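Trainee: Below you'll find entry31.tsv; it's TSV, C-alpha atoms.
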```tsv
chain	number	residue	atom	x	y	z
A	18	ALA	CA	-15.52	6.46	-6.66
A	19	GLN	CA	-13.23	6.31	-3.67
A	20	SER	CA	-10.50	8.70	-2.65
A	21	VAL	CA	-8.41	9.51	0.38
A	22	ALA	CA	-6.51	12.62	1.38
A	23	GLN	CA	-3.65	13.09	3.80
A	24	PRO	CA	-3.45	16.86	4.12
A	25	GLU	CA	-0.04	16.99	5.79
A	26	ASP	CA	3.14	15.99	3.98
A	27	GLN	CA	5.03	16.04	7.26
A	28	VAL	CA	4.21	16.00	10.96
A	29	ASN	CA	6.80	16.91	13.57
A	30	VAL	CA	6.36	16.01	17.22
A	31	ALA	CA	8.58	15.79	20.28
A	32	GLU	CA	9.16	12.42	21.88
A	33	GLY	CA	6.65	11.78	24.64
A	34	ASN	CA	4.04	14.12	23.16
A	35	PRO	CA	0.81	12.90	21.59
A	36	LEU	CA	0.72	12.60	17.83
A	37	THR	CA	-2.01	12.83	15.21
A	38	VAL	CA	-1.72	12.00	11.52
A	39	LYS	CA	-4.77	13.12	9.57
A	40	CYS	CA	-6.77	11.26	6.95
A	41	THR	CA	-10.04	12.11	5.25
A	42	TYR	CA	-11.87	10.00	2.71
A	43	SER	CA	-14.61	10.05	0.13
A	44	VAL	CA	-16.78	7.05	-0.81
A	45	SER	CA	-20.19	6.36	-2.30
A	46	GLY	CA	-21.16	3.75	0.28
A	47	ASN	CA	-19.61	2.77	3.56
A	48	PRO	CA	-15.84	2.64	3.92
A	49	TYR	CA	-13.29	0.14	5.01
A	50	LEU	CA	-10.32	2.16	6.27
A	51	PHE	CA	-6.71	1.14	6.85
A	52	TRP	CA	-3.48	2.59	8.17
A	53	TYR	CA	-0.08	1.31	7.08
A	54	VAL	CA	3.44	2.33	8.09
A	55	GLN	CA	6.52	2.25	5.88
A	56	TYR	CA	10.04	2.32	7.27
A	57	PRO	CA	12.96	3.24	4.98
A	58	ASN	CA	13.61	0.66	2.27
A	59	ARG	CA	10.81	-1.54	3.56
A	60	GLY	CA	7.38	-2.48	2.32
A	61	LEU	CA	4.21	-1.20	3.92
A	62	GLN	CA	3.23	-2.77	7.23
A	63	PHE	CA	-0.38	-2.99	8.42
A	64	LEU	CA	-1.19	-1.02	11.58
A	65	LEU	CA	-4.96	-1.12	12.01
A	66	LYS	CA	-8.29	-1.09	10.21
A	67	TYR	CA	-11.88	0.00	10.63
A	68	ILE	CA	-14.50	-2.38	9.27
A	69	THR	CA	-17.53	-1.90	11.48
A	70	GLY	CA	-18.43	-1.50	15.12
A	71	ASP	CA	-16.59	0.65	17.64
A	72	ASN	CA	-15.41	3.90	16.10
A	73	LEU	CA	-12.15	3.77	18.08
A	74	VAL	CA	-9.83	1.17	16.66
A	75	LYS	CA	-6.67	0.02	18.42
A	76	GLY	CA	-3.74	-1.36	16.47
A	77	SER	CA	-0.07	-2.25	16.62
A	78	TYR	CA	2.64	-0.38	18.54
A	79	GLY	CA	0.16	1.59	20.64
A	80	PHE	CA	-1.50	3.33	17.69
A	81	GLU	CA	-5.21	3.95	17.48
A	82	ALA	CA	-7.54	5.66	15.04
A	83	GLU	CA	-10.99	7.12	15.31
A	84	PHE	CA	-13.58	6.70	12.59
A	85	ASN	CA	-15.75	9.81	12.28
A	86	LYS	CA	-18.49	9.34	9.72
A	87	SER	CA	-19.85	12.88	9.87
A	88	GLN	CA	-16.41	14.36	9.21
A	89	THR	CA	-15.37	11.52	6.88
A	90	SER	CA	-12.12	11.22	8.78
A	91	PHE	CA	-9.95	8.43	10.16
A	92	HIS	CA	-7.10	10.16	12.00
A	93	LEU	CA	-4.24	8.09	13.40
A	94	LYS	CA	-3.22	8.83	16.97
A	95	LYS	CA	-0.79	7.80	19.66
A	96	PRO	CA	-0.74	9.17	23.22
A	97	SER	CA	3.06	9.29	23.55
A	98	ALA	CA	5.35	9.35	20.52
A	99	LEU	CA	8.63	7.47	20.29
A	100	VAL	CA	11.61	8.34	18.11
A	101	SER	CA	11.22	4.88	16.59
A	102	ASP	CA	7.74	5.89	15.32
A	103	SER	CA	9.43	8.10	12.73
A	104	ALA	CA	8.34	6.72	9.36
A	105	LEU	CA	5.93	7.22	6.46
A	106	TYR	CA	2.27	6.63	7.23
A	107	PHE	CA	-0.34	5.78	4.62
A	108	CYS	CA	-4.10	5.84	4.92
A	109	ALA	CA	-6.15	3.67	2.54
A	110	VAL	CA	-9.87	3.28	1.80
A	111	ARG	CA	-12.12	0.74	0.11
A	112	ASP	CA	-15.69	1.62	-0.87
A	113	LEU	CA	-18.39	-0.89	0.06
A	114	ALA	CA	-20.93	0.60	-2.33
A	115	SER	CA	-22.51	-1.77	-4.81
A	116	GLY	CA	-19.85	-2.59	-7.33
A	117	GLY	CA	-17.24	-1.30	-4.94
A	118	SER	CA	-13.66	-2.13	-5.59
A	119	TYR	CA	-11.52	-4.82	-3.99
A	120	ILE	CA	-8.66	-2.45	-4.62
A	121	PRO	CA	-7.81	0.06	-1.90
A	122	THR	CA	-6.89	3.61	-2.75
A	123	PHE	CA	-3.88	4.91	-0.84
A	124	GLY	CA	-3.12	8.45	0.23
A	125	ARG	CA	0.14	10.16	-0.65
A	126	GLY	CA	1.58	9.47	2.75
A	127	THR	CA	2.60	11.59	5.74
A	128	SER	CA	6.15	11.66	7.01
A	129	LEU	CA	6.16	11.54	10.80
A	130	ILE	CA	9.29	12.85	12.46
A	131	VAL	CA	9.64	12.40	16.19
A	132	HIS	CA	12.37	14.53	17.73
A	133	PRO	CA	14.28	13.32	20.83
B	2	GLY	CA	6.66	-17.21	9.42
B	3	ALA	CA	7.75	-16.12	5.97
B	4	GLY	CA	6.34	-12.90	4.67
B	5	VAL	CA	5.98	-11.69	1.10
B	6	SER	CA	9.28	-11.81	-0.75
B	7	GLN	CA	10.28	-9.99	-3.91
B	8	THR	CA	13.25	-10.48	-6.17
B	9	PRO	CA	15.42	-8.82	-7.19
B	10	SER	CA	15.59	-6.09	-4.57
B	11	ASN	CA	17.19	-3.77	-7.10
B	12	LYS	CA	17.17	-3.87	-10.88
B	13	VAL	CA	19.05	-1.48	-13.15
B	14	THR	CA	18.36	-1.77	-16.84
B	15	GLU	CA	18.73	0.22	-20.00
B	16	LYS	CA	15.91	1.88	-21.89
B	17	GLY	CA	14.27	-0.54	-24.27
B	18	LYS	CA	15.18	-3.70	-22.35
B	19	TYR	CA	12.79	-6.30	-20.95
B	20	VAL	CA	12.55	-6.96	-17.20
B	21	GLU	CA	10.81	-9.46	-14.97
B	22	LEU	CA	10.02	-8.84	-11.32
B	23	ARG	CA	9.06	-11.74	-9.08
B	24	CYS	CA	6.73	-11.90	-6.09
B	25	ASP	CA	6.35	-14.83	-3.71
B	26	PRO	CA	3.26	-14.27	-1.54
B	27	ILE	CA	2.44	-15.65	1.87
B	28	SER	CA	1.47	-19.29	1.61
B	29	GLY	CA	-2.30	-19.73	1.46
B	30	HIS	CA	-3.04	-16.17	0.38
B	31	THR	CA	-5.27	-16.28	-2.68
B	32	ALA	CA	-5.23	-12.56	-3.45
B	33	LEU	CA	-2.13	-10.91	-4.88
B	34	TYR	CA	-1.63	-7.27	-5.84
B	35	TRP	CA	1.03	-5.34	-7.71
B	36	TYR	CA	1.59	-1.65	-7.04
B	37	ARG	CA	4.04	0.97	-8.22
B	38	GLN	CA	5.36	3.60	-5.83
B	39	SER	CA	7.16	6.73	-6.93
B	40	LEU	CA	9.04	9.02	-4.58
B	41	GLY	CA	6.68	11.02	-2.42
B	42	GLN	CA	3.62	9.09	-3.52
B	43	GLY	CA	1.46	6.34	-2.16
B	44	PRO	CA	1.23	2.94	-3.82
B	45	GLU	CA	-0.44	3.10	-7.23
B	46	PHE	CA	-2.48	0.02	-8.15
B	47	LEU	CA	-1.42	-2.01	-11.17
B	48	ILE	CA	-3.11	-5.43	-11.12
B	49	TYR	CA	-4.96	-7.78	-8.77
B	50	PHE	CA	-5.05	-11.58	-8.95
B	51	GLN	CA	-7.59	-13.82	-7.28
B	52	GLY	CA	-6.03	-17.26	-7.62
B	53	THR	CA	-4.55	-17.70	-11.06
B	54	GLY	CA	-6.67	-15.15	-12.85
B	55	ALA	CA	-6.25	-11.42	-13.13
B	56	ALA	CA	-9.44	-10.12	-11.52
B	57	ASP	CA	-8.61	-6.48	-12.20
B	58	ASP	CA	-5.83	-5.19	-14.45
B	59	SER	CA	-7.22	-1.70	-14.85
B	60	GLY	CA	-4.13	-0.13	-13.30
B	61	LEU	CA	-1.63	-1.37	-15.88
B	62	PRO	CA	-0.50	1.80	-17.63
B	63	ASN	CA	-0.15	0.34	-21.12
B	64	ASP	CA	0.41	-2.89	-23.02
B	65	ARG	CA	4.11	-2.95	-22.20
B	66	PHE	CA	3.12	-4.17	-18.74
B	67	PHE	CA	1.91	-7.71	-18.15
B	68	ALA	CA	1.68	-10.00	-15.13
B	69	VAL	CA	1.07	-13.69	-14.62
B	70	ARG	CA	0.34	-16.02	-11.73
B	71	PRO	CA	0.14	-19.42	-13.42
B	72	GLU	CA	-0.18	-21.65	-10.35
B	73	GLY	CA	-1.94	-19.23	-8.04
B	74	SER	CA	1.14	-18.58	-5.94
B	75	VAL	CA	4.23	-16.86	-7.35
B	76	SER	CA	3.60	-13.94	-9.67
B	77	THR	CA	5.81	-12.27	-12.24
B	78	LEU	CA	5.42	-8.70	-13.45
B	79	LYS	CA	6.84	-8.27	-16.92
B	80	ILE	CA	7.76	-4.96	-18.51
B	81	GLN	CA	8.70	-4.79	-22.17
B	82	ARG	CA	10.64	-2.00	-23.88
B	83	THR	CA	11.31	-0.24	-20.60
B	84	GLU	CA	11.23	3.54	-20.47
B	85	ARG	CA	12.87	5.94	-18.03
B	86	GLY	CA	9.41	6.77	-16.70
B	87	ASP	CA	9.04	3.18	-15.53
B	88	SER	CA	11.64	3.81	-12.82
B	89	ALA	CA	9.95	3.30	-9.45
B	90	VAL	CA	9.63	0.85	-6.60
B	91	TYR	CA	7.35	-2.03	-7.53
B	92	LEU	CA	5.50	-3.44	-4.54
B	93	CYS	CA	3.73	-6.74	-4.25
B	94	ALA	CA	1.12	-7.51	-1.59
B	95	SER	CA	-0.97	-10.52	-0.71
B	96	SER	CA	-4.03	-11.07	1.43
B	97	TYR	CA	-5.90	-14.10	2.73
B	98	SER	CA	-8.63	-13.56	0.18
B	99	GLY	CA	-9.92	-10.76	-1.96
B	100	GLY	CA	-12.48	-9.79	0.65
B	101	THR	CA	-12.61	-6.06	1.02
B	102	GLY	CA	-12.01	-6.16	4.77
B	103	ASN	CA	-8.75	-8.06	4.63
B	104	GLU	CA	-5.51	-6.20	5.21
B	105	GLN	CA	-2.66	-6.61	2.79
B	106	PHE	CA	0.83	-7.89	3.55
B	107	PHE	CA	3.49	-6.12	1.51
B	108	GLY	CA	6.86	-7.27	0.29
B	109	PRO	CA	9.96	-5.05	0.53
B	110	GLY	CA	9.66	-4.02	-3.11
B	111	THR	CA	11.88	-4.07	-6.17
B	112	ARG	CA	13.56	-0.77	-7.02
B	113	LEU	CA	13.65	-0.52	-10.81
B	114	THR	CA	15.95	2.02	-12.42
B	115	VAL	CA	15.81	2.51	-16.18
B	116	LEU	CA	18.83	4.36	-17.54
```
Could you rewrite the structure in this file as C-alpha coordinates?

Mentor:
Amino acid sequence: AQSVAQPEDQVNVAEGNPLTVKCTYSVSGNPYLFWYVQYPNRGLQFLLKYITGDNLVKGSYGFEAEFNKSQTSFHLKKPSALVSDSALYFCAVRDLASGGSYIPTFGRGTSLIVHP
Amino acid sequence: GAGVSQTPSNKVTEKGKYVELRCDPISGHTALYWYRQSLGQGPEFLIYFQGTGAADDSGLPNDRFFAVRPEGSVSTLKIQRTERGDSAVYLCASSYSGGTGNEQFFGPGTRLTVL
(Lines of atoms letter the chains of each structure in order from A and count residues from 1; the text may use other names and numbers.)
(Lines give C-alpha, C1' and ligand atoms only; values in the text may rest on other atoms or scores of the structure.)
Protein backbone atom coordinates (compact mmCIF):
# COMPACT_ATOMS: atom_id res chain seq x y z
CA ALA A 1 0.00 0.00 0.00
CA GLN A 2 1.14 3.53 -0.68
CA SER A 3 0.39 6.68 1.25
CA VAL A 4 1.67 10.21 1.55
CA ALA A 5 1.38 12.78 4.31
CA GLN A 6 1.72 16.53 4.21
CA PRO A 7 1.84 17.45 7.89
CA GLU A 8 1.25 21.17 7.45
CA ASP A 9 -2.04 22.57 6.19
CA GLN A 10 -0.44 25.98 5.74
CA VAL A 11 3.06 27.40 5.51
CA ASN A 12 3.71 31.12 5.88
CA VAL A 13 6.96 32.70 4.76
CA ALA A 14 8.20 36.20 4.01
CA GLU A 15 9.20 37.06 0.48
CA GLY A 16 12.91 36.51 -0.05
CA ASN A 17 13.18 33.91 2.71
CA PRO A 18 13.75 30.22 2.04
CA LEU A 19 10.72 27.97 2.06
CA THR A 20 10.14 24.30 2.83
CA VAL A 21 6.95 22.32 2.27
CA LYS A 22 7.09 18.91 3.92
CA CYS A 23 6.10 15.53 2.55
CA THR A 24 6.58 12.04 3.94
CA TYR A 25 5.57 8.80 2.29
CA SER A 26 5.02 5.13 2.89
CA VAL A 27 5.52 2.39 0.28
CA SER A 28 6.26 -1.32 0.15
CA GLY A 29 8.95 -1.04 -2.51
CA ASN A 30 10.76 1.93 -3.94
CA PRO A 31 8.89 5.17 -4.57
CA TYR A 32 8.35 7.48 -7.46
CA LEU A 33 7.66 10.90 -5.93
CA PHE A 34 6.07 14.00 -7.45
CA TRP A 35 5.29 17.58 -6.53
CA TYR A 36 2.46 19.53 -8.15
CA VAL A 37 1.27 23.10 -7.67
CA GLN A 38 -2.31 24.33 -7.97
CA TYR A 39 -3.18 27.98 -8.46
CA PRO A 40 -6.74 29.18 -7.74
CA ASN A 41 -9.32 27.78 -10.16
CA ARG A 42 -6.64 25.92 -12.09
CA GLY A 43 -5.68 22.29 -12.47
CA LEU A 44 -2.56 20.82 -10.93
CA GLN A 45 0.72 21.67 -12.62
CA PHE A 46 3.77 19.39 -12.47
CA LEU A 47 6.81 20.83 -10.67
CA LEU A 48 9.31 18.01 -10.32
CA LYS A 49 9.75 14.29 -9.72
CA TYR A 50 12.15 11.79 -8.22
CA ILE A 51 12.55 8.54 -10.13
CA THR A 52 16.09 7.42 -9.45
CA GLY A 53 19.59 8.81 -9.23
CA ASP A 54 20.58 12.05 -7.53
CA ASN A 55 18.62 12.62 -4.35
CA LEU A 56 18.37 16.36 -5.05
CA VAL A 57 15.90 17.04 -7.80
CA LYS A 58 15.54 20.43 -9.48
CA GLY A 59 12.28 21.49 -11.07
CA SER A 60 10.30 24.41 -12.43
CA TYR A 61 10.31 27.97 -11.08
CA GLY A 62 13.44 27.46 -8.98
CA PHE A 63 11.95 24.70 -6.81
CA GLU A 64 13.90 21.67 -5.71
CA ALA A 65 13.23 18.65 -3.53
CA GLU A 66 15.41 16.23 -1.66
CA PHE A 67 14.67 12.53 -1.53
CA ASN A 68 15.63 11.06 1.85
CA LYS A 69 15.11 7.32 1.93
CA SER A 70 15.98 6.83 5.59
CA GLN A 71 13.46 9.47 6.67
CA THR A 72 10.97 8.57 3.91
CA SER A 73 10.67 12.23 3.05
CA PHE A 74 10.59 14.35 -0.09
CA HIS A 75 10.45 17.96 1.10
CA LEU A 76 9.97 20.76 -1.42
CA LYS A 77 12.31 23.72 -1.10
CA LYS A 78 13.13 27.06 -2.65
CA PRO A 79 16.01 29.33 -1.58
CA SER A 80 14.10 32.61 -1.97
CA ALA A 81 10.30 32.75 -1.96
CA LEU A 82 8.25 34.99 -4.22
CA VAL A 83 4.74 36.30 -3.57
CA SER A 84 3.75 34.60 -6.82
CA ASP A 85 4.69 31.22 -5.27
CA SER A 86 1.58 31.45 -3.10
CA ALA A 87 -0.53 28.44 -4.06
CA LEU A 88 -1.54 24.92 -3.02
CA TYR A 89 1.20 22.31 -3.21
CA PHE A 90 0.55 18.59 -3.50
CA CYS A 91 2.96 15.72 -2.98
CA ALA A 92 2.21 12.39 -4.68
CA VAL A 93 3.73 8.90 -4.53
CA ARG A 94 3.66 5.74 -6.63
CA ASP A 95 4.89 2.42 -5.22
CA LEU A 96 7.22 0.39 -7.44
CA ALA A 97 6.70 -2.80 -5.45
CA SER A 98 5.60 -5.85 -7.39
CA GLY A 99 2.02 -5.24 -8.34
CA GLY A 100 2.47 -1.59 -7.59
CA SER A 101 -0.12 0.83 -8.81
CA TYR A 102 -0.01 3.06 -11.87
CA ILE A 103 -2.18 5.37 -9.84
CA PRO A 104 -0.46 7.98 -7.69
CA THR A 105 -1.71 8.78 -4.22
CA PHE A 106 -1.88 12.49 -3.47
CA GLY A 107 -1.47 14.24 -0.16
CA ARG A 108 -4.07 16.64 1.18
CA GLY A 109 -2.10 19.63 0.05
CA THR A 110 -0.26 22.48 1.78
CA SER A 111 -1.25 26.08 1.29
CA LEU A 112 1.85 28.22 0.87
CA ILE A 113 1.40 31.90 1.64
CA VAL A 114 4.27 34.23 0.85
CA HIS A 115 3.95 37.63 2.48
CA PRO A 116 5.40 40.75 0.80
CA GLY B 1 0.67 23.53 -27.51
CA ALA B 2 -2.79 22.62 -26.30
CA GLY B 3 -3.08 21.22 -22.83
CA VAL B 4 -5.80 19.09 -21.30
CA SER B 5 -9.21 20.69 -21.69
CA GLN B 6 -12.39 19.97 -19.78
CA THR B 7 -15.94 21.02 -20.46
CA PRO B 8 -18.03 22.46 -19.01
CA SER B 9 -16.00 24.49 -16.55
CA ASN B 10 -19.01 24.70 -14.25
CA LYS B 11 -22.10 22.52 -14.05
CA VAL B 12 -25.06 23.12 -11.75
CA THR B 13 -27.68 20.42 -11.65
CA GLU B 14 -30.50 19.22 -9.48
CA LYS B 15 -30.45 16.12 -7.33
CA GLY B 16 -31.44 13.08 -9.32
CA LYS B 17 -30.36 14.43 -12.71
CA TYR B 18 -27.82 12.89 -15.09
CA VAL B 19 -24.60 14.73 -16.01
CA GLU B 20 -21.76 14.21 -18.44
CA LEU B 21 -18.32 15.74 -18.02
CA ARG B 22 -15.91 15.79 -20.94
CA CYS B 23 -12.13 15.58 -21.04
CA ASP B 24 -9.93 16.19 -24.07
CA PRO B 25 -6.39 15.00 -23.29
CA ILE B 26 -3.11 16.06 -24.83
CA SER B 27 -2.74 14.58 -28.28
CA GLY B 28 -0.70 11.38 -28.22
CA HIS B 29 -1.19 10.70 -24.52
CA THR B 30 -2.42 7.15 -24.10
CA ALA B 31 -3.11 7.30 -20.37
CA LEU B 32 -6.07 9.24 -19.02
CA TYR B 33 -7.17 9.64 -15.41
CA TRP B 34 -10.24 11.03 -13.69
CA TYR B 35 -10.04 12.42 -10.17
CA ARG B 36 -12.43 14.12 -7.80
CA GLN B 37 -11.25 16.95 -5.56
CA SER B 38 -13.21 18.25 -2.60
CA LEU B 39 -12.38 21.45 -0.77
CA GLY B 40 -9.27 21.07 1.34
CA GLN B 41 -8.41 17.67 -0.10
CA GLY B 42 -6.03 16.28 -2.64
CA PRO B 43 -7.23 14.64 -5.84
CA GLU B 44 -9.08 11.38 -5.20
CA PHE B 45 -8.63 8.75 -7.91
CA LEU B 46 -11.70 7.59 -9.81
CA ILE B 47 -10.66 5.73 -12.98
CA TYR B 48 -7.66 5.21 -15.26
CA PHE B 49 -7.72 4.47 -18.99
CA GLN B 50 -4.88 3.03 -21.01
CA GLY B 51 -6.02 3.57 -24.58
CA THR B 52 -9.69 2.75 -24.93
CA GLY B 53 -9.96 0.41 -22.00
CA ALA B 54 -10.46 1.15 -18.34
CA ALA B 55 -7.33 -0.32 -16.78
CA ASP B 56 -8.38 0.51 -13.23
CA ASP B 57 -11.84 1.68 -12.13
CA SER B 58 -11.39 0.85 -8.48
CA GLY B 59 -11.91 4.46 -7.44
CA LEU B 60 -15.44 4.83 -8.78
CA PRO B 61 -17.55 5.24 -5.65
CA ASN B 62 -20.60 3.32 -6.86
CA ASP B 63 -22.45 2.20 -9.97
CA ARG B 64 -23.90 5.66 -10.57
CA PHE B 65 -20.49 6.64 -11.93
CA PHE B 66 -19.29 5.46 -15.32
CA ALA B 67 -16.66 6.65 -17.79
CA VAL B 68 -15.85 5.89 -21.41
CA ARG B 69 -13.05 6.59 -23.84
CA PRO B 70 -14.29 4.96 -27.05
CA GLU B 71 -11.58 6.11 -29.45
CA GLY B 72 -8.69 6.35 -27.02
CA SER B 73 -8.75 10.13 -26.94
CA VAL B 74 -11.69 12.09 -25.52
CA SER B 75 -13.24 10.71 -22.37
CA THR B 76 -16.63 11.29 -20.79
CA LEU B 77 -17.43 10.82 -17.12
CA LYS B 78 -21.09 10.07 -16.60
CA ILE B 79 -22.95 10.41 -13.32
CA GLN B 80 -26.49 9.12 -12.98
CA ARG B 81 -29.03 10.14 -10.33
CA THR B 82 -26.74 12.81 -8.94
CA GLU B 83 -26.61 13.38 -5.20
CA ARG B 84 -25.57 16.46 -3.23
CA GLY B 85 -22.51 14.54 -2.08
CA ASP B 86 -21.31 14.36 -5.68
CA SER B 87 -20.58 18.10 -5.60
CA ALA B 88 -16.85 18.56 -6.16
CA VAL B 89 -14.30 19.55 -8.76
CA TYR B 90 -13.74 16.75 -11.24
CA LEU B 91 -10.22 16.74 -12.63
CA CYS B 92 -8.94 14.97 -15.70
CA ALA B 93 -5.26 14.25 -16.33
CA SER B 94 -3.32 12.61 -19.11
CA SER B 95 0.19 11.26 -19.44
CA TYR B 96 2.35 10.03 -22.30
CA SER B 97 1.83 6.45 -21.21
CA GLY B 98 0.79 4.61 -18.11
CA GLY B 99 4.38 4.17 -17.03
CA THR B 100 4.74 4.84 -13.35
CA GLY B 101 7.46 7.43 -13.83
CA ASN B 102 5.49 9.71 -16.11
CA GLU B 103 4.10 12.94 -14.74
CA GLN B 104 0.48 13.81 -15.31
CA PHE B 105 -0.88 16.87 -17.08
CA PHE B 106 -4.08 18.14 -15.51
CA GLY B 107 -7.01 20.00 -16.98
CA PRO B 108 -8.60 22.97 -15.20
CA GLY B 109 -11.43 20.83 -13.86
CA THR B 110 -15.21 20.88 -13.94
CA ARG B 111 -16.89 22.25 -10.83
CA LEU B 112 -20.05 20.21 -10.29
CA THR B 113 -22.71 21.54 -7.95
CA VAL B 114 -25.71 19.37 -7.14
CA LEU B 115 -28.57 21.32 -5.59

Trainee: Need the neighbours of (-2.4, 9.8, -3.1): which residues are at most 10 Å away, counting all atoms listed in the file, as a list in words?

Mentor: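 Result, sorted by chain then residue number: Ser20, Val21, Ala22, Gln23, Phe107, Cys108, Ala109, Thr122, Phe123, Gly124, Arg125 and Gly126 of chain A; Gly41, Gln42, Gly43, Pro44 and Glu45 of chain B.
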
Trainee: As a list in words, please: the residues near Tyr97 of chain B (cut-off 9 Å, all atoms listed in the file, same-chain neighbours under 3 positions excluded).

Mentor: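 Once the adjacent positions are removed, what remains is Ile27, Gly29, His30, Thr31, Ala32, Gly100, Asn103, Glu104 and Gln105 of chain B.
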
Trainee: Kindly export the residues of the current selection with C-alpha atoms, as a PDB file, in the coordinates of the input.

Mentor:
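This is the output file selection.pdb:
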```pdb
ATOM      1  CA  ILE B  27       2.440 -15.650   1.870  1.00  0.00           C
ATOM      2  CA  GLY B  29      -2.300 -19.730   1.460  1.00  0.00           C
ATOM      3  CA  HIS B  30      -3.040 -16.170   0.380  1.00  0.00           C
ATOM      4  CA  THR B  31      -5.270 -16.280  -2.680  1.00  0.00           C
ATOM      5  CA  ALA B  32      -5.230 -12.560  -3.450  1.00  0.00           C
ATOM      6  CA  GLY B 100     -12.480  -9.790   0.650  1.00  0.00           C
ATOM      7  CA  ASN B 103      -8.750  -8.060   4.630  1.00  0.00           C
ATOM      8  CA  GLU B 104      -5.510  -6.200   5.210  1.00  0.00           C
ATOM      9  CA  GLN B 105      -2.660  -6.610   2.790  1.00  0.00           C
TER      10      GLN B 105
END
```

Trainee: Using all atoms listed in the file, find the one residue out of A:Pro48, A:Gly33, A:Gly76, A:Gly60 that sits nearest to chain B.

Mentor: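 Checking each of A:Pro48, A:Gly33, A:Gly76, A:Gly60 against chain B, counting all atoms listed in the file, the winner is A:Gly60.
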
Trainee: May I have the residues at most 9 Å from (14.9, 3.4, -18.9) in the file's coordinates, counting only C-alpha atoms, as a PyMOL selection string?

Mentor: chain B and resi 13-18+82-88+114-116

Trainee: Just how far from atom CA of Phe107 of chain B is atom CA of Leu129 of chain A, in Å to one decimal?

Mentor: 20.1 Å

Trainee: For Asp102 of chain A, which of A:Thr69, A:Gln19, A:Asn47, A:Ser128 is the closest residue, counting only C-alpha atoms?

Mentor: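 Closest residue, counting only C-alpha atoms: A:Ser128.
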
Trainee: Rounded to one decimal, what separation in Å do you get between atom CA of Asn85 of chain A and atom CA of Leu73 of chain A?

Mentor: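 Atom-to-atom, atom CA of Asn85 of chain A and atom CA of Leu73 of chain A are spaced 9.1 Å apart.
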
Trainee: Could I get the residues of chain B with an atom no further than 12 Å from an atom of chain A, each paired with its nearest atom pair and that distance in Å to one decimal, using only C-alpha atoms, sorted by chain and residue number, as a Markdown table?

Mentor:
```
| residue | atom | partner | partner_atom | distance |
| --- | --- | --- | --- | --- |
| B:Gly4 | CA | A:Gly60 | CA | 10.7 |
| B:Val5 | CA | A:Gly60 | CA | 9.4 |
| B:Ser6 | CA | A:Gly60 | CA | 10.0 |
| B:Gln7 | CA | A:Gly60 | CA | 10.2 |
| B:Ser10 | CA | A:Asn58 | CA | 9.8 |
| B:Asn11 | CA | A:Asn58 | CA | 11.0 |
| B:Ala32 | CA | A:Tyr119 | CA | 10.0 |
| B:Leu33 | CA | A:Ile120 | CA | 10.7 |
| B:Tyr34 | CA | A:Ile120 | CA | 8.6 |
| B:Trp35 | CA | A:Ile120 | CA | 10.6 |
| B:Tyr36 | CA | A:Phe123 | CA | 10.6 |
| B:Arg37 | CA | A:Phe123 | CA | 11.5 |
| B:Gln38 | CA | A:Arg125 | CA | 9.9 |
| B:Ser39 | CA | A:Arg125 | CA | 10.0 |
| B:Leu40 | CA | A:Arg125 | CA | 9.8 |
| B:Gly41 | CA | A:Arg125 | CA | 6.8 |
| B:Gln42 | CA | A:Arg125 | CA | 4.6 |
| B:Gly43 | CA | A:Arg125 | CA | 4.3 |
| B:Pro44 | CA | A:Phe123 | CA | 6.2 |
| B:Glu45 | CA | A:Phe123 | CA | 7.5 |
| B:Phe46 | CA | A:Ile120 | CA | 7.5 |
| B:Leu47 | CA | A:Ile120 | CA | 9.8 |
| B:Ile48 | CA | A:Ile120 | CA | 9.1 |
| B:Tyr49 | CA | A:Ile120 | CA | 7.7 |
| B:Phe50 | CA | A:Tyr119 | CA | 10.6 |
| B:Gln51 | CA | A:Tyr119 | CA | 10.4 |
| B:Ala56 | CA | A:Tyr119 | CA | 9.4 |
| B:Asp57 | CA | A:Ile120 | CA | 8.6 |
| B:Asp58 | CA | A:Ile120 | CA | 10.6 |
| B:Ser59 | CA | A:Ile120 | CA | 10.4 |
| B:Gly60 | CA | A:Ile120 | CA | 10.1 |
| B:Val90 | CA | A:Asn58 | CA | 9.7 |
| B:Tyr91 | CA | A:Gly60 | CA | 9.9 |
| B:Leu92 | CA | A:Gly60 | CA | 7.2 |
| B:Cys93 | CA | A:Gly60 | CA | 8.6 |
| B:Ala94 | CA | A:Leu61 | CA | 8.9 |
| B:Ser95 | CA | A:Leu61 | CA | 11.6 |
| B:Ser96 | CA | A:Tyr119 | CA | 11.2 |
| B:Ser98 | CA | A:Tyr119 | CA | 10.1 |
| B:Gly99 | CA | A:Tyr119 | CA | 6.5 |
| B:Gly100 | CA | A:Tyr119 | CA | 6.9 |
| B:Thr101 | CA | A:Tyr119 | CA | 5.3 |
| B:Gly102 | CA | A:Ile68 | CA | 6.4 |
| B:Asn103 | CA | A:Lys66 | CA | 8.9 |
| B:Glu104 | CA | A:Phe63 | CA | 6.9 |
| B:Gln105 | CA | A:Phe63 | CA | 7.1 |
| B:Phe106 | CA | A:Gln62 | CA | 6.7 |
| B:Phe107 | CA | A:Gly60 | CA | 5.4 |
| B:Gly108 | CA | A:Gly60 | CA | 5.2 |
| B:Pro109 | CA | A:Gly60 | CA | 4.1 |
| B:Gly110 | CA | A:Gly60 | CA | 6.1 |
| B:Thr111 | CA | A:Gly60 | CA | 9.7 |
| B:Arg112 | CA | A:Asn58 | CA | 9.4 |
```

Trainee: Hey, can you check how far atom CA of Ser43 of chain A sits from atom CA of Phe80 of chain A?

Mentor: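 Separation of atom CA of Ser43 of chain A and atom CA of Phe80 of chain A: 22.9 Å.
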
Trainee: Could you pull the residues within 7 Å of Glu21 of chain B, counting only C-alpha atoms, minus those fewer than 3 positions along the same chain, as a short mmCIF file (atom, residue, chain, number, x, y, z; two decimals) with C-alpha atoms, in the coordinates of the input?

Mentor:
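Everything below was put into around.cif:
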```
data_model
loop_
_atom_site.label_atom_id
_atom_site.label_comp_id
_atom_site.auth_asym_id
_atom_site.auth_seq_id
_atom_site.Cartn_x
_atom_site.Cartn_y
_atom_site.Cartn_z
CA THR B 77 5.81 -12.27 -12.24
CA LEU B 78 5.42 -8.70 -13.45
CA LYS B 79 6.84 -8.27 -16.92
CA ILE B 80 7.76 -4.96 -18.51
#
```

Trainee: Box along x, y and z, 4 Å on every side, all listed atoms of segment 28-39 of chain A inside: centre and edge lengths in Å to one decimal, as lines of an AutoDock Vina configuration file.

Mentor:
```
center_x = 2.2
center_y = 14.3
center_z = 17.1
size_x = 21.9
size_y = 13.1
size_z = 23.1
```

Trainee: Within 7 Å of Val38 of chain A, counting all atoms listed in the file, which residues show up once you throw out same-chain ones fewer than 3 positions away? Write them as a list in words, please.

Mentor: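 The residues that qualify are His92, Leu93 and Lys94 of chain A.
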